[in-house]
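Beneath this line is the structure, given in structure tokens, with notes to follow.
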2 protein chains.
Amino acid sequence: MKITKTIDDIFHPRSIAVVGASQNPRSQGYQYLRFLLDYGYRGAIYPVNLTAMDILGILSYPSLKEIPGNVDYVICCINAALVRGLLEECFLKKVKAVHLFTAQLSETGDQKACLLEEEIKKDAQKLGIRLIGPNCMGIYNPRERIAFNHDLCMEPGSVGAIVQSGGLAGEIVRLAALRGVRFSKVVSYGNAVDLNETDFLEYFLWDKETKVILVYIEGTRNGRKLFKVLRRAAKIKPVIILKGGRSRAGIKSVASHTASMAGSIDTWQVVFRQTKVVQANTLNELIDLAAAFYFLPPITGKRVGIVGGGGGKSVLASDEYEEAGLEVIPIPEDIVKFLESKNPKITGWLCNPIDASILATLNLKSVDILRCMAESPEFDLLSVNTSEDSLFPGDLWVEFIEGDANGCMMVRKEGLKPIVAVVGNPEIGVSQTANWRWQTLSRLREQLTGEGVPVFSSPGRAAVAISKLVDYYQYWKEAGDE
Amino acid sequence: MKITKTIDDIFHPRSIAVVGASQNPRSQGYQYLRFLLDYGYRGAIYPVNLTAMDILGILSYPSLKEIPGNVDYVICCINAALVRGLLEECFLKKVKAVHLFTAQLSETGDQKACLLEEEIKKDAQKLGIRLIGPNCMGIYNPRERIAFNHDLCMEPGSVGAIVQSGGLAGEIVRLAALRGVRFSKVVSYGNAVDLNETDFLEYFLWDKETKVILVYIEGTRNGRKLFKVLRRAAKIKPVIILKGGRSRAGIKSVASHTASMAGSIDTWQVVFRQTKVVQANTLNELIDLAAAFYFLPPITGKRVGIVGGGGGKSVLASDEYEEAGLEVIPIPEDIVKFLESKNPKITGWLCNPIDASILATLNLKSVDILRCMAESPEFDLLSVNTSEDSLFPGDLWVEFIEGDANGCMMVRKEGLKPIVAVVGNPEIGVSQTANWRWQTLSRLREQLTGEGVPVFSSPGRAAVAISKLVDYYQYWKEAGDE
């Protein structure tokens with residue numbers, strides 16, 4: 001069977017058995033069952049447990065073979081020593097795919113565990129069963145209401161993610177959801193004895209529901225194959241990769257985490273450059289890039305116009321945008337002339353960013369200047385610094401900062417120009433949650449995101465994400481022009 | 001008079017006149033009066049307004065000379081054209097210092113405004129009046145209950161800040177306060193026609209209430225003098241500098257913000273290196289460094305032990321710590337042996353970071369392993385990754401993450417080893433504020449901070465701040481040893 005079809009079936013099982021389902025909330029056998037129930041998975045659910053009659057109100061079976069219906073997909077939460085026996089049962093039950101949550105295999109470095117992992121791999125091959133894992137969280141498909149962690153957003157979107165780490169898979173979905181990003185499907189694939197990053201990459205490239213691909217990878221067993229698919233990949237959809245295990249200590253951690261050979265980061269970086277993969281350096285940057293690629297159109301120029309915020313904030317924004325490779329160009333002549341007609345004294349003072357003091361002098365609101373800049377062909381995109389640093393108390397402060405946000409949303413709604421917003425994200429303590437200032441920032445962040453404006457927590461983070469996005473689209477535009 | 005005495009008087013005025021005080025909440029004349037009243041400044045407060053009888057319930061005077069008592073300090077919020085007249089009045093009233101909030105002078109680039117600024121400077125010199133500004137927010141001294149913005153913390157501490165930008169001055173105090181940092185005094189000094197960065201630096205070096213100095217600087221009029229003081233400064237107290245105006249666009253913004261000559265960033269960087277100033281690259285990094293220097297002792301080694309969080313998080317932490325120049329050393333032999341006695345299978349698996357899965361296998365809590373590592377002379381400091389990425393729902397999740405935080409606080413309380421915590425700071429929308437997960441993170445952040453543990457929002461941000469702190473103390477230790 002084609003790998004794309006195999007994996008598509010895995011993401012759309014009509015029935016799921018949780019082997020090692022349990023009444024103990026501290027076990028993942030309990031948690032996986034709860035995920036299926038809590039999120040409302042619509043297929044058949046079969047807990048498998050040697051002794052329990054029912055778990056969480058669902059009729060339980062002592063073994064796979066007792067299950068009356070077909071089983072498409074097995075989530076395996078039992079001890080590693082029992083996996084080979086289970087695979088035999090799966091074969092008899094005609095199960096096509098098994099997700100091995102089961103861990104403590106090769107990642108422990110223990111020789112026996114490594115051998116066992118190798119035998120599990122061989123058994124599955126022989127029996128024609130596809131494996132996800134071991135040592136991973138498996139699949140998340142909001143359209144099917146299948147998930148691998150609590151509190152995950154069930155609204156589907158167009159970002160696919162291939163995540164070697166289980167904990168990070170949940171974090172990526174959760175953190176990106178706060179930024180307005182929605183996912184098509186996600187897989188956490190751990191030690192990757194069978195299905196691996198390259199297989200899932202093939203799948204997401206083929207999958208029509210996926211427009212952007214995120215990858216967290218620690219290592220690979222077949223670099224050549226991965227390289228080949230990556231080279232094809234970035235032409236089809238943007239692929240954003242965060243590589244774990246770049247340093248000496250990181251490489252050691254990788255071994256004890258997913259038993260992967262992390263490889264030299266120099267080699268990886270050559271591969272990323274040659275394949276035009278977008279590289280993220282931190283988890284936060286991965287999420288920033290997801291938000292940028294999710295919300296922004298293919299921008300192919302780097303001339304940015306910046307509005308709002310105080311003078312110091314504007315200076316730092318200029319620095320951070322330019323240092324990230326964007327062009328903070330002078331205000332175009334026709335806009336200067338128009339603004340001079342409002343206040344002739346402005347000539348020497350006016351610059352990009354147009355900060356809050358200059359706006360006040362011109363008696364202009366953010367929305368007016370943004371419209372003006374959005375209509376100019378000189379700018380490739382706009383960025384708004386919300387004026388959090390304004391000196392006014394409560395009500396007046398809200399008026400200014402809402403003005404900035406409204407300007408953003410107007411430009412976005414009318415589709416005048418790609419636009420991003422910078423709204424700070426201070427480290428608020430619980431006693432400050434209700435404070436009007438921080439509440440307003442949270443409200444505007446959510447409102448902007450809801451209107452399709454990507455929101456970043458600092459000018460520097462916005463700038464790095466945008467710059468990498470433009471690099472990506474510029475490259476493919478130029479490649480297409482040739 | 002010595003500059004230190006002059007500035008100390010400015011930070012401790014017994015009476016303040018707000019010239020241009022106003023009943024209009026959109027004017028800074030109104031706001032400065034409110035700051036004094038809201039925060040409870042205990043000295044005499046004199047609003048000065050040509051026509052009003054009283055403002056905010058305080059008897060108002062038509063001019064300085066009508067004020068019955070002495071006036072130590074004037075906050076000037078009137079139009080630039082009226083400043084020279086005010087200085088004459090100040091001379092007659094024996095006012096020693098004037099803070100010019102008044103702006104639209106040289107920063108506008110307008111020739112007349114530049115000339116006026118020059119004349120204001122000369123007048124003040126001739127009349128023996130010291131000026132702060134123009135185009136700035138003036139002073140913040142929580143011990144005197146004087147402030148230049150709303151919602152600033154009134155609990156005093158030991159960080160002094162010299163901030164050329166008014167908006168950033170408020171932001172720095174507010175953002176640092178959320179991180180547990182408290183200030184001795186802060187000045188926002190704008191165009192710096194008289195008192196400038198070097199004067200304030202001299203003051204904070206001398207000031208016993210100040211242990212760490214933060215600086216946001218856009219430019220200087222006397223680089224040689226600044227260099228001389230900086231060279232002396234870093235030996236006495238850590239000086240952390242964020243330089244605004246590093247890029248082409250940033251340099252232009254600086255001119256239109258504080259009319260400063262930003263100078264070449266290469267020159268500045270040579271100065272920073274030669275003077276052992278700690279350089280911050282972003283506002284967030286400045287706040288991170290403030291938290292690090294505020295809470296941590298003088299650490300002179302870079303061997304870090306990391307605990308907690310899932311496998312992927314641990315891999316990324318290793319990378320980010322090592323990339324920042326810290327040493328994520330292997331677990332020391334004696335600790336390995338001790339842990340093997342609990343679970344002999346751990347040998348090949350165990351590594352630094354000790355992640356949540358490994359802890360679970362050992363049946364150890366964070367607090368146990370942390371005590372063990374804290375007692376080892378092999379580590380110079382410890383870092384805890386709170387296990388936000390744990391797979392469990394509400395109650396169990398809270399149990400794990402609280403365990404991590406308790407471990408941190410134990411080490412801190414018992415003074416076993418310098419320790420930092422990493423608690424993520426997702427961009428929460430207002431509808432998510434009450435969510436148990438984000439509430440818990442806010443609660444733990446506040447609790448840890450309250451116990452003197454510096455909290456960072458990502459491993460990378462922690463690592464950069466710590467590494468720069470160790471560089472600073474290592475240098476002075478070695479210099480002292482010679």
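Just so we're on the same page: first chain in the structure tokens is A, next is B, and so on; residues restart at 1 for each chain, and ligands are numbered from 1 in the order they show up.
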Quick one: which chain A residues come within 7 Å of chain B, and what is the nearest atom pair for each with the distance in Å to one decimal, counting only C-alpha atoms, rows ordered by chain and ascending number, as JSON lines?
{"residue": "A:Glu107", "atom": "CA", "partner": "B:Trp349", "partner_atom": "CA", "distance": 6.8}
{"residue": "A:Thr108", "atom": "CA", "partner": "B:Trp349", "partner_atom": "CA", "distance": 4.3}
{"residue": "A:Gly109", "atom": "CA", "partner": "B:Gly348", "partner_atom": "CA", "distance": 4.7}
{"residue": "A:Asp110", "atom": "CA", "partner": "B:Gly348", "partner_atom": "CA", "distance": 6.2}
{"residue": "A:Asn149", "atom": "CA", "partner": "B:Leu391", "partner_atom": "CA", "distance": 5.8}
{"residue": "A:His150", "atom": "CA", "partner": "B:Pro393", "partner_atom": "CA", "distance": 5.9}
{"residue": "A:Ser165", "atom": "CA", "partner": "B:Gly312", "partner_atom": "CA", "distance": 5.1}
{"residue": "A:Gly167", "atom": "CA", "partner": "B:Asp389", "partner_atom": "CA", "distance": 4.9}
{"residue": "A:Leu168", "atom": "CA", "partner": "B:Gly312", "partner_atom": "CA", "distance": 6.0}
{"residue": "A:Gly170", "atom": "CA", "partner": "B:Asp389", "partner_atom": "CA", "distance": 7.0}
{"residue": "A:Glu171", "atom": "CA", "partner": "B:Asp389", "partner_atom": "CA", "distance": 6.0}
{"residue": "A:Leu175", "atom": "CA", "partner": "B:Pro426", "partner_atom": "CA", "distance": 6.3}
{"residue": "A:Leu178", "atom": "CA", "partner": "B:Ile428", "partner_atom": "CA", "distance": 6.0}
{"residue": "A:Arg179", "atom": "CA", "partner": "B:Glu427", "partner_atom": "CA", "distance": 7.0}
{"residue": "A:Gly244", "atom": "CA", "partner": "B:Leu316", "partner_atom": "CA", "distance": 5.7}
{"residue": "A:Gly245", "atom": "CA", "partner": "B:Val315", "partner_atom": "CA", "distance": 6.0}
{"residue": "A:Arg246", "atom": "CA", "partner": "B:Asp319", "partner_atom": "CA", "distance": 5.8}
{"residue": "A:Ser247", "atom": "CA", "partner": "B:Asp319", "partner_atom": "CA", "distance": 5.1}
{"residue": "A:Ala249", "atom": "CA", "partner": "B:Ser318", "partner_atom": "CA", "distance": 5.5}
{"residue": "A:Gly250", "atom": "CA", "partner": "B:Ser318", "partner_atom": "CA", "distance": 4.8}
{"residue": "A:Ser253", "atom": "CA", "partner": "B:Val315", "partner_atom": "CA", "distance": 5.3}
{"residue": "A:Val254", "atom": "CA", "partner": "B:Val315", "partner_atom": "CA", "distance": 6.1}
{"residue": "A:Ser256", "atom": "CA", "partner": "B:Trp349", "partner_atom": "CA", "distance": 5.2}
{"residue": "A:His257", "atom": "CA", "partner": "B:Gly311", "partner_atom": "CA", "distance": 5.3}
{"residue": "A:Gly310", "atom": "CA", "partner": "B:Gly167", "partner_atom": "CA", "distance": 5.7}
{"residue": "A:Gly311", "atom": "CA", "partner": "B:His257", "partner_atom": "CA", "distance": 5.3}
{"residue": "A:Gly312", "atom": "CA", "partner": "B:Ser165", "partner_atom": "CA", "distance": 5.1}
{"residue": "A:Lys313", "atom": "CA", "partner": "B:Leu168", "partner_atom": "CA", "distance": 6.8}
{"residue": "A:Ser314", "atom": "CA", "partner": "B:Ser253", "partner_atom": "CA", "distance": 7.0}
{"residue": "A:Val315", "atom": "CA", "partner": "B:Gly250", "partner_atom": "CA", "distance": 5.0}
{"residue": "A:Leu316", "atom": "CA", "partner": "B:Gly244", "partner_atom": "CA", "distance": 5.7}
{"residue": "A:Ser318", "atom": "CA", "partner": "B:Gly250", "partner_atom": "CA", "distance": 4.8}
{"residue": "A:Asp319", "atom": "CA", "partner": "B:Gly250", "partner_atom": "CA", "distance": 5.0}
{"residue": "A:Glu322", "atom": "CA", "partner": "B:Ser247", "partner_atom": "CA", "distance": 6.4}
{"residue": "A:Val328", "atom": "CA", "partner": "B:Ala249", "partner_atom": "CA", "distance": 6.0}
{"residue": "A:Lys345", "atom": "CA", "partner": "B:Asp110", "partner_atom": "CA", "distance": 7.0}
{"residue": "A:Gly348", "atom": "CA", "partner": "B:Gly109", "partner_atom": "CA", "distance": 4.8}
{"residue": "A:Trp349", "atom": "CA", "partner": "B:Thr108", "partner_atom": "CA", "distance": 4.3}
{"residue": "A:Cys351", "atom": "CA", "partner": "B:Ser253", "partner_atom": "CA", "distance": 6.6}
{"residue": "A:Asp389", "atom": "CA", "partner": "B:Gly167", "partner_atom": "CA", "distance": 5.0}
{"residue": "A:Ser390", "atom": "CA", "partner": "B:Gly167", "partner_atom": "CA", "distance": 6.4}
{"residue": "A:Leu391", "atom": "CA", "partner": "B:Asn149", "partner_atom": "CA", "distance": 5.8}
{"residue": "A:Pro393", "atom": "CA", "partner": "B:His150", "partner_atom": "CA", "distance": 5.9}
{"residue": "A:Asn425", "atom": "CA", "partner": "B:Glu427", "partner_atom": "CA", "distance": 6.2}
{"residue": "A:Pro426", "atom": "CA", "partner": "B:Leu175", "partner_atom": "CA", "distance": 6.3}
{"residue": "A:Glu427", "atom": "CA", "partner": "B:Leu178", "partner_atom": "CA", "distance": 6.2}
{"residue": "A:Ile428", "atom": "CA", "partner": "B:Leu178", "partner_atom": "CA", "distance": 6.0}
{"residue": "A:Gly429", "atom": "CA", "partner": "B:Ser442", "partner_atom": "CA", "distance": 4.6}
{"residue": "A:Val430", "atom": "CA", "partner": "B:Ser442", "partner_atom": "CA", "distance": 4.7}
{"residue": "A:Gln439", "atom": "CA", "partner": "B:Val430", "partner_atom": "CA", "distance": 6.4}
{"residue": "A:Ser442", "atom": "CA", "partner": "B:Gly429", "partner_atom": "CA", "distance": 4.6}
{"residue": "A:Arg443", "atom": "CA", "partner": "B:Val430", "partner_atom": "CA", "distance": 4.8}
{"residue": "A:Arg445", "atom": "CA", "partner": "B:Gly429", "partner_atom": "CA", "distance": 6.1}
{"residue": "A:Glu446", "atom": "CA", "partner": "B:Gly429", "partner_atom": "CA", "distance": 4.8}
- Item | Shell around Lys237 of chain A at 7 Å using only C-alpha atoms, local window under 4 positions removed, as a ChimeraX atom specification | /A:205,211-212,233
Restrict the selected residues to N, CA and C atoms and save them as a compact mmCIF listing (two decimals), in the first residue's frame.
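The new file selection.txt reads:
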# COMPACT_ATOMS: atom_id res chain seq x y z
N LEU A 205 2.79 16.21 2.78
CA LEU A 205 2.97 16.86 1.47
C LEU A 205 1.79 16.52 0.56
N LYS A 211 -1.45 22.76 4.83
CA LYS A 211 -0.83 23.79 3.99
C LYS A 211 0.58 24.16 4.47
N VAL A 212 0.81 23.98 5.75
CA VAL A 212 2.12 24.30 6.34
C VAL A 212 2.53 23.11 7.21
N ALA A 233 9.99 18.77 -0.78
CA ALA A 233 8.95 19.27 0.11
C ALA A 233 8.75 20.78 0.04
- Please identify which residues in segment 354-438 of chain B DSSP calls strand (DSSP E or B) from the backbone, and express them as a list in words. Ile354, Leu381, Leu382, Ser383, Val384, Asn385, Ile419, Val420, Ala421 and Val422 of chain B
- Message: Please compute the atom CA of Tyr46 of chain A-atom CA of Leu64 of chain A distance, one decimal, in Å.
- Response: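 It comes out at 8.7 Å.
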- Message: as a PyMOL selection string, please: every residue in segment 225-402 of chain B that DSSP puts in helix (DSSP H, G or I).
- Response: chain B and resi 225-236+248-258+265-275+283-295+311-323+333-342+344-346+356-362+366-375+394-402
- Neighbours of segment 6-21 of chain A within 6 Å (only C-alpha atoms; same-chain residues fewer than 2 positions away dropped), as JSON, numbers by chain? {"A": [3, 4, 29, 30, 43, 44, 45, 46, 47, 48, 49, 71, 72, 73, 74, 75, 76, 77, 78]}
Saved selection, atoms kept: C-alpha atoms, as a short mmCIF file (atom, residue, chain, number, x, y, z; two decimals), in the first residue's frame:
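Now in selection_22.cif:
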data_model
loop_
_atom_site.label_atom_id
_atom_site.label_comp_id
_atom_site.auth_asym_id
_atom_site.auth_seq_id
_atom_site.Cartn_x
_atom_site.Cartn_y
_atom_site.Cartn_z
CA ILE A 3 2.60 5.20 2.44
CA THR A 4 0.20 8.14 2.07
CA GLY A 29 -3.99 3.48 29.67
CA TYR A 30 -6.58 5.45 31.63
CA GLY A 43 -15.79 5.45 16.20
CA ALA A 44 -15.94 2.31 18.31
CA ILE A 45 -13.81 2.38 21.48
CA TYR A 46 -12.55 -0.86 23.03
CA PRO A 47 -10.68 -0.85 26.33
CA VAL A 48 -8.55 -3.96 26.75
CA ASN A 49 -7.69 -5.03 30.29
CA VAL A 71 -10.16 -2.99 15.26
CA ASP A 72 -8.43 -0.49 12.95
CA TYR A 73 -5.97 0.99 15.36
CA VAL A 74 -4.43 -0.06 18.64
CA ILE A 75 -3.03 2.27 21.29
CA CYS A 76 -0.60 0.13 23.23
CA CYS A 77 0.08 1.15 26.85
CA ILE A 78 1.35 -2.15 28.20
#
Using only C-alpha atoms, which protein or nucleic acid residues come within 8 Å of Asp380 of chain A? Drop anything in the same chain fewer than 2 positions from it, and give the result as a PDB file with N, CA and C atoms, in the first residue's frame.
ATOM      1  N   ILE A 299       4.536  36.947   1.112  1.00  0.00           N
ATOM      2  CA  ILE A 299       5.147  38.277   0.963  1.00  0.00           C
ATOM      3  C   ILE A 299       6.521  38.080   0.340  1.00  0.00           C
ATOM      4  N   THR A 300       6.849  38.894  -0.673  1.00  0.00           N
ATOM      5  CA  THR A 300       8.137  38.682  -1.337  1.00  0.00           C
ATOM      6  C   THR A 300       9.034  39.917  -1.277  1.00  0.00           C
ATOM      7  N   GLY A 301       8.683  40.889  -0.428  1.00  0.00           N
ATOM      8  CA  GLY A 301       9.551  42.061  -0.255  1.00  0.00           C
ATOM      9  C   GLY A 301       9.718  42.349   1.221  1.00  0.00           C
ATOM     10  N   LYS A 302      10.769  43.087   1.552  1.00  0.00           N
ATOM     11  CA  LYS A 302      11.130  43.253   2.974  1.00  0.00           C
ATOM     12  C   LYS A 302      10.961  44.674   3.503  1.00  0.00           C
ATOM     13  N   ARG A 303      10.268  45.529   2.736  1.00  0.00           N
ATOM     14  CA  ARG A 303      10.143  46.928   3.172  1.00  0.00           C
ATOM     15  C   ARG A 303       8.969  47.064   4.131  1.00  0.00           C
ATOM     16  N   VAL A 304       9.294  47.370   5.377  1.00  0.00           N
ATOM     17  CA  VAL A 304       8.269  47.378   6.416  1.00  0.00           C
ATOM     18  C   VAL A 304       8.016  48.801   6.912  1.00  0.00           C
ATOM     19  N   PRO A 377       2.527  51.771  -2.456  1.00  0.00           N
ATOM     20  CA  PRO A 377       3.206  50.590  -3.007  1.00  0.00           C
ATOM     21  C   PRO A 377       4.632  50.435  -2.483  1.00  0.00           C
ATOM     22  N   GLU A 378       5.107  51.403  -1.738  1.00  0.00           N
ATOM     23  CA  GLU A 378       6.487  51.355  -1.236  1.00  0.00           C
ATOM     24  C   GLU A 378       6.672  50.322  -0.120  1.00  0.00           C
ATOM     25  N   LEU A 382       3.195  45.925   6.914  1.00  0.00           N
ATOM     26  CA  LEU A 382       3.121  46.886   8.010  1.00  0.00           C
ATOM     27  C   LEU A 382       3.176  46.157   9.350  1.00  0.00           C
ATOM     28  N   LYS A 417      -3.017  45.365   2.971  1.00  0.00           N
ATOM     29  CA  LYS A 417      -1.563  45.093   3.037  1.00  0.00           C
ATOM     30  C   LYS A 417      -1.354  44.051   4.122  1.00  0.00           C
ATOM     31  N   PRO A 418      -0.371  43.173   3.954  1.00  0.00           N
ATOM     32  CA  PRO A 418      -0.076  42.250   5.069  1.00  0.00           C
ATOM     33  C   PRO A 418       0.285  43.053   6.318  1.00  0.00           C
TER      34      PRO A 418
END
- Item | Spatial neighbours of Val464 of chain A, 6 Å, only C-alpha atoms, chain gap at least 3 places, as a PyMOL selection string | chain A and resi 324+461+467
